[in-house]
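Undergrad: File name query-v2.txt; file contents compact mmCIF, C-alpha atoms and all ligand atoms; full text below.
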```
# COMPACT_ATOMS: atom_id res chain seq x y z
CA MET A 1 65.07 58.48 144.41
CA THR A 2 66.88 59.92 141.40
CA LEU A 3 65.58 63.33 140.34
CA PRO A 4 64.93 64.14 136.64
CA ASN A 5 67.87 65.66 134.76
CA HIS A 6 67.41 69.09 133.11
CA PHE A 7 71.06 69.41 132.03
CA GLU A 8 72.22 68.54 128.51
CA LEU A 9 75.96 68.20 127.81
CA LEU A 10 76.74 69.60 124.32
CA ALA A 11 80.52 69.14 124.11
CA THR A 12 83.59 68.42 126.20
CA ASP A 13 87.25 69.39 125.70
CA GLY A 14 89.49 67.72 128.28
CA ALA A 15 87.68 68.08 131.60
CA ALA A 16 85.96 71.28 130.40
CA ARG A 17 82.28 70.96 129.35
CA THR A 18 79.69 73.12 127.65
CA GLY A 19 75.98 72.44 127.99
CA ARG A 20 72.47 73.73 128.50
CA LEU A 21 70.35 73.78 131.64
CA THR A 22 66.58 74.06 131.11
CA THR A 23 64.66 75.89 133.84
CA PRO A 24 60.97 76.94 134.18
CA HIS A 25 61.98 80.52 133.29
CA GLY A 26 64.33 79.74 130.40
CA MET A 27 67.56 78.21 129.19
CA VAL A 28 71.00 78.62 130.81
CA ARG A 29 74.12 78.19 128.65
CA THR A 30 77.06 76.65 130.54
CA PRO A 31 79.71 77.36 131.60
CA ALA A 32 77.67 80.22 133.07
CA PHE A 33 78.56 83.22 135.20
CA MET A 34 75.58 84.19 137.37
CA PRO A 35 75.61 87.88 138.45
CA VAL A 36 74.53 88.40 142.06
CA GLY A 37 71.39 90.51 142.48
CA THR A 38 71.69 90.89 146.25
CA ALA A 39 68.39 92.29 147.59
CA GLY A 40 66.27 91.87 144.48
CA ALA A 41 68.28 94.24 142.31
CA MET A 42 71.54 94.19 140.36
CA LYS A 43 73.25 97.10 142.13
CA GLY A 44 73.72 100.04 139.74
CA MET A 45 72.23 98.32 136.70
CA HIS A 46 68.91 97.92 134.89
CA TRP A 47 67.85 94.34 134.24
CA ARG A 48 67.82 95.02 130.47
CA GLU A 49 71.59 95.73 130.69
CA VAL A 50 72.13 92.48 132.58
CA ARG A 51 70.28 90.65 129.82
CA GLU A 52 72.06 92.57 126.98
CA ALA A 53 75.42 91.79 128.60
CA GLY A 54 74.58 88.12 128.04
CA ALA A 55 73.56 86.84 131.47
CA ASP A 56 71.02 84.00 131.25
CA ILE A 57 70.51 83.62 135.03
CA VAL A 58 71.01 85.77 138.14
CA LEU A 59 71.19 85.11 141.88
CA GLY A 60 68.69 86.33 144.44
CA ASN A 61 69.56 86.54 148.12
CA THR A 62 67.39 84.44 150.41
CA TYR A 63 68.88 85.94 153.58
CA HIS A 64 68.18 89.57 152.64
CA LEU A 65 64.81 88.99 150.98
CA MET A 66 63.37 86.87 153.81
CA LEU A 67 64.16 89.69 156.25
CA ARG A 68 62.99 92.46 153.93
CA PRO A 69 60.49 92.63 152.26
CA GLY A 70 59.70 89.04 153.41
CA ALA A 71 59.29 85.81 151.46
CA GLU A 72 55.51 85.55 151.98
CA ARG A 73 55.09 89.13 150.71
CA ILE A 74 57.11 88.40 147.54
CA ALA A 75 55.04 85.24 146.97
CA ALA A 76 51.82 87.25 147.36
CA LEU A 77 53.19 89.69 144.75
CA GLY A 78 53.79 86.86 142.25
CA GLY A 79 57.32 85.74 143.12
CA LEU A 80 60.79 87.19 142.50
CA GLN A 81 60.56 87.34 138.71
CA ARG A 82 57.35 89.37 138.73
CA PHE A 83 58.44 91.41 141.78
CA THR A 84 61.82 92.44 140.27
CA GLY A 85 61.01 92.43 136.56
CA TRP A 86 63.83 90.00 135.81
CA ASN A 87 61.75 87.36 134.01
CA GLY A 88 64.58 84.88 133.40
CA PRO A 89 66.02 82.01 135.44
CA MET A 90 67.03 82.70 139.04
CA LEU A 91 69.09 80.75 141.57
CA THR A 92 68.84 81.44 145.29
CA ASP A 93 71.31 80.45 147.97
CA SER A 94 69.91 78.81 151.12
CA GLY A 95 70.87 81.76 153.36
CA GLY A 96 73.07 79.89 155.83
CA PHE A 97 76.30 81.25 154.39
CA GLN A 98 74.99 84.82 154.51
CA VAL A 99 73.83 84.38 158.12
CA MET A 100 77.34 83.31 159.11
CA SER A 101 78.90 86.27 157.32
CA LEU A 102 76.33 89.03 157.92
CA ALA A 103 74.14 88.38 160.96
CA ASP A 104 75.08 88.94 164.58
CA LEU A 105 74.35 86.70 167.56
CA ARG A 106 74.09 83.68 165.30
CA LYS A 107 74.04 80.09 166.62
CA VAL A 108 74.18 76.76 164.75
CA SER A 109 72.31 73.77 166.20
CA GLU A 110 71.25 70.42 164.73
CA HIS A 111 67.81 71.88 164.07
CA ALA A 112 68.64 75.26 162.52
CA VAL A 113 70.72 78.44 162.44
CA THR A 114 69.28 81.16 164.68
CA PHE A 115 70.34 84.79 164.49
CA ARG A 116 69.26 88.37 165.03
CA SER A 117 68.14 90.28 161.97
CA HIS A 118 70.71 92.95 161.02
CA ILE A 119 67.76 95.13 160.04
CA ASP A 120 65.53 95.22 163.15
CA GLY A 121 67.27 92.89 165.62
CA ALA A 122 64.36 90.39 165.55
CA LYS A 123 65.26 86.79 166.44
CA VAL A 124 65.09 84.60 163.32
CA GLU A 125 65.36 80.81 162.93
CA LEU A 126 66.50 79.38 159.59
CA SER A 127 66.08 75.60 159.41
CA PRO A 128 66.53 73.52 156.22
CA GLU A 129 62.74 73.30 156.00
CA ARG A 130 62.26 77.08 156.38
CA SER A 131 65.06 77.80 153.88
CA ILE A 132 63.39 75.60 151.25
CA GLU A 133 59.99 77.18 152.05
CA VAL A 134 61.47 80.68 151.57
CA GLN A 135 63.14 79.70 148.28
CA ARG A 136 59.86 78.23 147.07
CA PHE A 137 58.01 81.44 148.04
CA LEU A 138 60.64 83.45 146.11
CA GLY A 139 59.93 81.16 143.15
CA SER A 140 63.59 80.57 142.26
CA ASP A 141 64.28 78.04 139.51
CA ILE A 142 67.26 76.54 141.35
CA ALA A 143 67.23 76.25 145.15
CA MET A 144 70.24 75.35 147.28
CA GLN A 145 70.22 72.98 150.24
CA MET A 146 70.85 74.49 153.67
CA ASP A 147 74.47 73.87 154.62
CA GLU A 148 77.19 74.99 157.02
CA CYS A 149 80.32 76.42 155.40
CA VAL A 150 83.49 76.56 157.53
CA ARG A 151 86.07 79.30 156.84
CA LEU A 152 89.62 78.07 156.13
CA PRO A 153 92.05 77.35 157.74
CA ALA A 154 90.07 75.22 160.19
CA GLU A 155 90.53 72.18 162.43
CA ARG A 156 89.75 68.82 160.85
CA ASP A 157 87.18 68.06 163.58
CA ASP A 158 85.25 71.26 162.81
CA ILE A 159 85.36 70.66 159.06
CA GLU A 160 84.11 67.08 159.55
CA ARG A 161 81.37 68.15 161.99
CA ALA A 162 80.07 70.81 159.54
CA MET A 163 80.31 68.41 156.58
CA ARG A 164 78.26 65.74 158.34
CA LEU A 165 75.71 68.30 159.57
CA SER A 166 75.42 69.56 155.98
CA LEU A 167 74.73 66.01 154.77
CA ARG A 168 71.91 65.64 157.33
CA TRP A 169 70.58 69.04 156.27
CA ALA A 170 70.81 67.93 152.61
CA GLU A 171 68.44 65.05 153.42
CA ARG A 172 66.01 67.39 155.19
CA SER A 173 66.25 69.99 152.39
CA LYS A 174 65.47 67.35 149.77
CA ARG A 175 62.45 66.07 151.73
CA ALA A 176 61.13 69.62 152.16
CA PHE A 177 61.64 70.28 148.42
CA GLU A 178 59.74 67.23 147.18
CA SER A 179 56.45 69.12 146.67
CA ALA A 180 58.04 71.59 144.20
CA PRO A 181 56.46 71.62 140.70
CA ASP A 182 58.20 69.92 137.75
CA GLY A 183 61.23 71.70 136.37
CA TYR A 184 62.22 73.43 139.61
CA MET A 185 65.60 72.21 140.83
CA LEU A 186 67.42 71.59 144.10
CA PHE A 187 71.22 71.41 144.26
CA GLY A 188 73.22 69.67 146.97
CA ILE A 189 76.38 71.38 148.28
CA VAL A 190 79.65 69.47 148.77
CA GLN A 191 81.54 70.48 151.89
CA GLY A 192 84.72 69.02 153.45
CA GLY A 193 87.08 71.99 153.57
CA ASP A 194 90.63 71.29 152.33
CA ILE A 195 90.56 67.59 153.28
CA PRO A 196 90.24 65.20 150.27
CA GLN A 197 88.73 62.31 152.22
CA LEU A 198 86.00 64.55 153.63
CA ARG A 199 85.32 65.99 150.16
CA HIS A 200 84.90 62.44 148.79
CA ALA A 201 82.58 61.42 151.67
CA SER A 202 80.45 64.54 151.20
CA ALA A 203 80.17 64.09 147.41
CA GLN A 204 79.34 60.38 147.76
CA GLY A 205 76.67 61.09 150.37
CA LEU A 206 74.99 63.69 148.17
CA VAL A 207 75.16 61.57 145.00
CA GLU A 208 73.53 58.67 146.86
CA MET A 209 70.64 60.99 147.81
CA GLY A 210 70.38 62.35 144.25
CA PHE A 211 70.08 66.05 143.34
CA HIS A 212 69.40 67.99 140.11
CA GLY A 213 72.90 69.47 140.37
CA TYR A 214 75.82 69.71 142.76
CA ALA A 215 77.55 72.76 144.18
CA ILE A 216 81.13 72.74 145.41
CA GLY A 217 80.88 74.80 148.60
CA GLY A 218 83.29 75.59 151.40
CA LEU A 219 85.81 77.23 149.02
CA ALA A 220 86.81 80.83 148.29
CA VAL A 221 86.71 81.26 152.05
CA GLY A 222 90.30 82.38 152.62
CA GLU A 223 92.33 79.51 151.16
CA PRO A 224 95.02 80.08 148.48
CA GLN A 225 93.90 79.53 144.88
CA ALA A 226 96.09 76.39 144.69
CA VAL A 227 94.16 74.80 147.57
CA MET A 228 90.83 75.73 145.96
CA LEU A 229 91.92 74.18 142.64
CA ALA A 230 93.21 71.04 144.39
CA MET A 231 89.83 70.60 146.10
CA ILE A 232 88.05 70.96 142.73
CA ASP A 233 90.37 68.24 141.36
CA GLU A 234 89.29 66.03 144.28
CA THR A 235 85.58 66.83 144.07
CA ALA A 236 84.55 67.19 140.39
CA PRO A 237 85.46 63.59 139.39
CA ALA A 238 83.31 62.32 142.31
CA LEU A 239 80.22 64.05 140.86
CA PRO A 240 78.00 62.70 138.05
CA THR A 241 79.23 63.93 134.64
CA ASP A 242 75.65 64.45 133.40
CA ARG A 243 74.65 66.91 136.15
CA PRO A 244 75.76 70.56 136.52
CA ARG A 245 78.55 71.53 138.92
CA TYR A 246 78.39 74.97 140.58
CA LEU A 247 81.44 76.49 142.32
CA MET A 248 79.96 78.90 144.88
CA GLY A 249 81.24 82.44 145.27
CA VAL A 250 83.89 82.20 142.56
CA GLY A 251 85.46 84.36 141.42
CA THR A 252 88.06 86.31 139.47
CA PRO A 253 88.32 85.67 135.70
CA ASP A 254 91.48 83.63 136.42
CA ASP A 255 89.66 81.50 139.05
CA ILE A 256 86.85 80.86 136.57
CA LEU A 257 89.15 79.84 133.72
CA GLU A 258 91.06 77.42 135.98
CA ALA A 259 87.84 75.94 137.39
CA VAL A 260 86.25 75.48 133.93
CA LYS A 261 89.42 73.61 132.92
CA ARG A 262 88.71 71.24 135.85
CA GLY A 263 85.05 70.60 134.94
CA VAL A 264 83.02 73.32 136.68
CA ASP A 265 79.88 74.59 134.87
CA MET A 266 78.40 77.45 136.97
CA PHE A 267 79.79 80.38 138.94
CA ASP A 268 78.56 83.33 141.00
CA CYS A 269 80.47 86.25 142.48
CA VAL A 270 79.77 89.80 143.69
CA MET A 271 83.17 90.91 142.37
CA PRO A 272 82.16 92.43 138.98
CA THR A 273 79.59 94.78 140.53
CA ARG A 274 81.35 95.33 143.88
CA ASN A 275 84.75 96.11 142.29
CA GLY A 276 82.93 98.26 139.71
CA ARG A 277 81.44 100.37 142.49
CA HIS A 278 84.96 100.75 143.90
CA GLY A 279 86.36 101.99 140.57
CA VAL A 280 88.00 98.78 139.33
CA ALA A 281 87.34 97.66 135.75
CA PHE A 282 87.77 94.12 134.41
CA THR A 283 89.02 94.09 130.82
CA ARG A 284 90.41 91.62 128.28
CA PHE A 285 93.88 92.77 129.35
CA GLY A 286 93.44 92.55 133.11
CA GLN A 287 92.12 94.80 135.85
CA VAL A 288 92.35 98.61 135.71
CA ASN A 289 91.97 100.67 138.90
CA LEU A 290 90.47 103.90 137.61
CA ARG A 291 91.05 105.65 140.94
CA ASN A 292 94.74 105.74 139.95
CA ALA A 293 95.97 109.25 138.96
CA ARG A 294 97.77 107.82 135.90
CA HIS A 295 94.38 107.79 134.10
CA ALA A 296 93.63 111.52 134.65
CA ASP A 297 94.71 112.59 131.12
CA ASP A 298 94.23 109.32 129.25
CA PRO A 299 91.83 109.83 126.31
CA ARG A 300 91.76 106.11 125.41
CA PRO A 301 88.69 104.00 126.18
CA LEU A 302 89.11 100.92 128.35
CA ASP A 303 89.01 98.63 125.29
CA GLU A 304 88.44 100.09 121.80
CA ALA A 305 87.67 96.60 120.43
CA SER A 306 85.16 95.72 123.16
CA THR A 307 81.77 94.38 122.16
CA TRP A 308 80.30 96.54 124.97
CA PRO A 309 79.69 100.21 123.95
CA SER A 310 80.49 101.72 127.38
CA ALA A 311 83.91 100.01 127.34
CA ARG A 312 84.53 101.51 123.86
CA ASN A 313 83.01 104.98 124.16
CA TYR A 314 84.26 106.52 127.42
CA ALA A 315 87.77 107.90 127.98
CA ARG A 316 89.65 106.53 130.97
CA ALA A 317 90.07 110.18 131.99
CA TYR A 318 86.30 110.54 132.24
CA LEU A 319 85.84 107.30 134.17
CA HIS A 320 88.67 108.39 136.48
CA HIS A 321 86.93 111.73 137.03
CA LEU A 322 83.54 110.10 137.75
CA VAL A 323 85.10 107.71 140.26
CA LYS A 324 87.10 110.44 142.03
CA ALA A 325 84.07 112.75 142.09
CA GLY A 326 81.93 109.92 143.52
CA GLU A 327 79.45 110.34 140.68
CA THR A 328 76.84 107.53 140.65
CA LEU A 329 77.33 107.22 136.89
CA GLY A 330 80.86 105.97 137.59
CA ALA A 331 79.59 103.00 139.61
CA MET A 332 76.87 102.37 137.00
CA LEU A 333 79.22 102.37 134.01
CA LEU A 334 81.87 100.20 135.68
CA SER A 335 79.26 97.72 136.93
CA GLU A 336 77.85 97.18 133.42
CA ILE A 337 81.35 97.13 131.87
CA ASN A 338 82.43 94.43 134.35
CA ILE A 339 79.30 92.28 134.01
CA ALA A 340 79.70 92.56 130.21
CA TYR A 341 83.35 91.49 130.40
CA TYR A 342 82.50 88.44 132.55
CA GLN A 343 79.80 87.42 130.05
CA PHE A 344 82.23 88.03 127.14
CA LEU A 345 84.69 85.69 128.88
CA MET A 346 82.00 83.01 129.40
CA GLN A 347 80.92 83.22 125.74
CA GLY A 348 84.55 82.78 124.66
CA ILE A 349 84.87 79.78 126.97
CA ARG A 350 81.67 78.15 125.65
CA ASP A 351 82.71 78.68 122.02
CA ALA A 352 86.23 77.35 122.62
CA ILE A 353 84.97 74.16 124.28
CA ALA A 354 82.38 73.65 121.50
CA HIS A 355 85.20 73.94 118.90
CA GLY A 356 87.72 71.82 120.83
CA THR A 357 90.10 74.78 121.16
CA PHE A 358 89.82 75.38 124.91
CA GLU A 359 93.57 74.91 125.55
CA GLU A 360 94.49 77.63 123.04
CA PHE A 361 91.77 79.92 124.42
CA TYR A 362 93.10 79.29 127.96
CA GLN A 363 96.70 80.16 127.01
CA ARG A 364 95.84 83.24 124.92
CA THR A 365 93.39 84.64 127.49
CA ARG A 366 95.91 84.34 130.33
CA ALA A 367 98.61 85.90 128.15
CA ASP A 368 96.33 88.86 127.36
CA TRP A 369 95.60 89.38 131.06
CA SER A 370 99.28 89.62 131.91
CA ARG A 371 100.25 92.07 129.11
CA GLY A 372 100.43 94.71 131.81
CA ASP A 373 100.49 97.67 129.35
CA ILE A 374 97.02 98.75 130.41
N1 LIG B 1 75.43 78.06 150.68
C1 LIG B 1 76.72 78.34 150.47
N2 LIG B 1 77.06 79.51 149.89
C2 LIG B 1 78.40 79.78 149.71
C3 LIG B 1 78.80 81.03 149.18
C4 LIG B 1 77.78 82.09 148.75
C5 LIG B 1 77.67 82.09 147.24
N3 LIG B 1 77.09 83.34 146.75
C6 LIG B 1 75.70 83.55 147.16
C7 LIG B 1 75.17 84.88 146.68
C8 LIG B 1 73.73 84.99 147.02
C9 LIG B 1 73.55 86.22 147.85
C10 LIG B 1 74.85 86.91 147.96
C11 LIG B 1 75.90 86.04 147.32
C12 LIG B 1 80.17 81.29 149.05
N4 LIG B 1 80.81 82.42 148.66
C13 LIG B 1 82.13 82.14 148.78
N5 LIG B 1 83.12 82.99 148.54
C14 LIG B 1 82.84 84.39 148.22
C15 LIG B 1 84.19 85.08 148.21
C16 LIG B 1 84.04 86.52 147.93
C17 LIG B 1 83.61 87.40 148.94
C18 LIG B 1 83.49 88.76 148.65
C19 LIG B 1 83.81 89.24 147.36
C20 LIG B 1 84.20 88.33 146.38
C21 LIG B 1 84.32 86.98 146.65
N6 LIG B 1 82.35 80.89 149.21
C22 LIG B 1 81.13 80.34 149.40
C23 LIG B 1 80.76 79.09 149.90
C24 LIG B 1 79.40 78.82 150.08
C25 LIG B 1 78.96 77.57 150.67
O1 LIG B 1 79.76 76.70 151.03
N7 LIG B 1 77.64 77.40 150.85
```
Kindly transcribe the structure held in the file into structure tokens.
Ligand SMILES: Nc1nc2c(CCNCC3CCCC3)c3[nH]c(NCCc4ccccc4)nc3cc2c(=O)[nH]1

TA:
Amino acid sequence: MTLPNHFELLATDGAARTGRLTTPHGMVRTPAFMPVGTAGAMKGMHWREVREAGADIVLGNTYHLMLRPGAERIAALGGLQRFTGWNGPMLTDSGGFQVMSLADLRKVSEHAVTFRSHIDGAKVELSPERSIEVQRFLGSDIAMQMDECVRLPAERDDIERAMRLSLRWAERSKRAFESAPDGYMLFGIVQGGDIPQLRHASAQGLVEMGFHGYAIGGLAVGEPQAVMLAMIDETAPALPTDRPRYLMGVGTPDDILEAVKRGVDMFDCVMPTRNGRHGVAFTRFGQVNLRNARHADDPRPLDEASTWPSARNYARAYLHHLVKAGETLGAMLLSEINIAYYQFLMQGIRDAIAHGTFEEFYQRTRADWSRGDI
């Protein structure tokens, strides 16, 4: 049964696309970078800054929120938007990936993933049905199917086993999702590791089932960028052109630019906020590690032409001092500066595709990153 389409393609330039995704909580401009609000908060930032930076949609974390404060509790309090105060679109991951990377004593069976909570050691079972139920309780606008992601490099047998399990879980996730109200979306997740034939089989299986959008999973899990890009080249053409494509967990500004060029519409990554907390700034001219002593006497701001005040108004020397002194303000300023840069990059990408100048934008942006005089 084909699901209704809430995605509108506005323009294409080569394989790159720009469009609009309509959700119950608002509109998402694509290509979109979705900041990751891990446990119901954007670490070190107020939601108004996330919005002012240009983010249309953020990620919530099913794994963390189902353990604490609990999905039923958030539902009773009106859902994630009301609970957090972010009243825009939200996407939640299914939790399986986080279990495999965060929980201990985890086990994967046909029925579900079972694990011990990293908070109180309680035994927890996360089946496709329970994952969809939790995402519905959270009230997210876009839910993800439950899947199994294999780290790379991996044996072909293991990649195939996980890909076929994920297809069976896709079917169960879709059935469990069917009662969701109009407008709420469910995305399938393509698996298949670094093996083209398995990528094609996974994409074909999902497209036959029919989803509101399709994620490319199983990447950014240890493989070189060239392998990731090759798998996008194999997968994107196998997905419907009129539905959104979401590359999970990606990535650096360079990863994003390369993936947009290959037809990807949506991205999420913890990097802007995580690197910000560790003193690394993303700028139009590349990354700047403000822990480095070379900044101690530098009166220049990070980027005097930035559209974001904090990137224009603070001396590198001050940011260096805050980071070295472990001042919370350092993590706060760099988090907002990084989220703002990522949104600045996405706005430039959307405008370039809309004007048919994506190739020039691509070349100039990469040249600016590698100027190295920062
Ligand atoms: N369901 C599912 N999720 C995946 C994710 C999580 C995406 N962010 C979820 C948010 C929701 C909650 C938290 C995150 C991935 N993240 C990455 N790479 C991250 C690489 C990275 C790691 C650390 C720093 C920077 C980059 N690959 C991923 C593959 C999958 C996948 O196949 N299936």

Undergrad: Which residues of chain A come within 6 Å of ligand LIG 1 (chain B), and for each one, what is the closest pair of atoms and their distance in Å to one decimal, counting only C-alpha atoms and all ligand atoms, sorted by chain and residue number, as CSV?

TA:
```
residue,atom,partner,partner_atom,distance
A:Val36,CA,B:LIG1,C7,5.8
A:Thr38,CA,B:LIG1,C9,5.3
A:Leu59,CA,B:LIG1,C8,5.7
A:Gly60,CA,B:LIG1,C8,5.8
A:Asn61,CA,B:LIG1,C9,4.0
A:Asp93,CA,B:LIG1,C8,5.2
A:Ser94,CA,B:LIG1,N1,5.6
A:Gly96,CA,B:LIG1,N1,6.0
A:Phe97,CA,B:LIG1,N2,4.9
A:Asp147,CA,B:LIG1,N1,5.8
A:Cys149,CA,B:LIG1,O1,4.4
A:Gly217,CA,B:LIG1,O1,3.3
A:Gly218,CA,B:LIG1,O1,3.7
A:Leu219,CA,B:LIG1,N6,5.0
A:Ala220,CA,B:LIG1,N5,4.3
A:Val221,CA,B:LIG1,N6,5.2
A:Met248,CA,B:LIG1,C5,4.6
A:Gly249,CA,B:LIG1,N4,3.4
A:Gly251,CA,B:LIG1,C21,6.0
A:Asp268,CA,B:LIG1,N3,5.9
A:Cys269,CA,B:LIG1,C21,5.7
A:Val270,CA,B:LIG1,C20,5.4
A:Met271,CA,B:LIG1,C20,4.9
```

Undergrad: Taking 5 positions as the minimum chain separation for residues in the same chain, which residues sit within 12 Å of Asp265 of chain A when counting only C-alpha atoms? Answer as a PyMOL selection string.

TA: chain A and resi 7-9+12+15-21+28-34+213-216+232+236+241-248+250+256-260+346+349-350+353

Undergrad: Identify the residues around (66.4, 89.8, 156.7) within a radius of 10 Å, measuring from all atoms listed in the file in the coordinates stated by the file, and give them as a short mmCIF file (atom, residue, chain, number, x, y, z; two decimals) with C-alpha atoms, in the coordinates of the input.

TA:
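This is the output file point_15.cif:
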```cif
data_model
loop_
_atom_site.label_atom_id
_atom_site.label_comp_id
_atom_site.auth_asym_id
_atom_site.auth_seq_id
_atom_site.Cartn_x
_atom_site.Cartn_y
_atom_site.Cartn_z
CA ALA A 39 68.39 92.29 147.59
CA ASN A 61 69.56 86.54 148.12
CA THR A 62 67.39 84.44 150.41
CA TYR A 63 68.88 85.94 153.58
CA HIS A 64 68.18 89.57 152.64
CA LEU A 65 64.81 88.99 150.98
CA MET A 66 63.37 86.87 153.81
CA LEU A 67 64.16 89.69 156.25
CA ARG A 68 62.99 92.46 153.93
CA PRO A 69 60.49 92.63 152.26
CA GLY A 70 59.70 89.04 153.41
CA ALA A 71 59.29 85.81 151.46
CA GLY A 95 70.87 81.76 153.36
CA VAL A 99 73.83 84.38 158.12
CA ALA A 103 74.14 88.38 160.96
CA ARG A 116 69.26 88.37 165.03
CA SER A 117 68.14 90.28 161.97
CA HIS A 118 70.71 92.95 161.02
CA ILE A 119 67.76 95.13 160.04
CA ASP A 120 65.53 95.22 163.15
CA GLY A 121 67.27 92.89 165.62
CA ALA A 122 64.36 90.39 165.55
CA VAL A 124 65.09 84.60 163.32
#
```

Undergrad: Ranking A:Arg316, A:His25, A:Arg106, A:Arg262 by minimum distance to Asp141 of chain A and counting all atoms listed in the file, which one comes first?

TA: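 When distances to Asp141 of chain A are compared using all atoms listed in the file, the smallest one comes from A:His25.
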
Undergrad: Rounded to one decimal in Å, what is the spacing between atom CA of Thr365 of chain A and atom CA of Phe285 of chain A?

TA: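 These two atoms are separated by 8.4 Å.
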
Undergrad: So that I can check the surroundings of Glu359 of chain A, please list as a PyMOL selection string every protein, DNA and RNA residue that reaches within 9 Å of it, counting all atoms listed in the file and ignoring chain neighbours fewer than 6 positions away.

TA: chain A and resi 13-14+261+352-353

Undergrad: Give me the box for segment 361-370 of chain A as lines of an AutoDock Vina configuration file, namely the centre and edge lengths in Å to one decimal of a box along x, y and z that holds every listed atom plus 6 Å on each side.

TA:
```
center_x = 95.5
center_y = 84.5
center_z = 128.2
size_x = 19.5
size_y = 22.3
size_z = 19.5
```

Undergrad: Taking all atoms listed in the file into account, name the residue in A:Ala354, A:Arg175, A:Asp255, A:Pro35 that is nearest to Ala53 of chain A.

TA: A:Pro35

Undergrad: What is the distance, in Å and to one decimal place, between atom CA of Gln135 of chain A and atom CA of Gly54 of chain A?

TA: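 Atom CA of Gly54 of chain A lies at a distance of 24.7 Å from atom CA of Gln135 of chain A.
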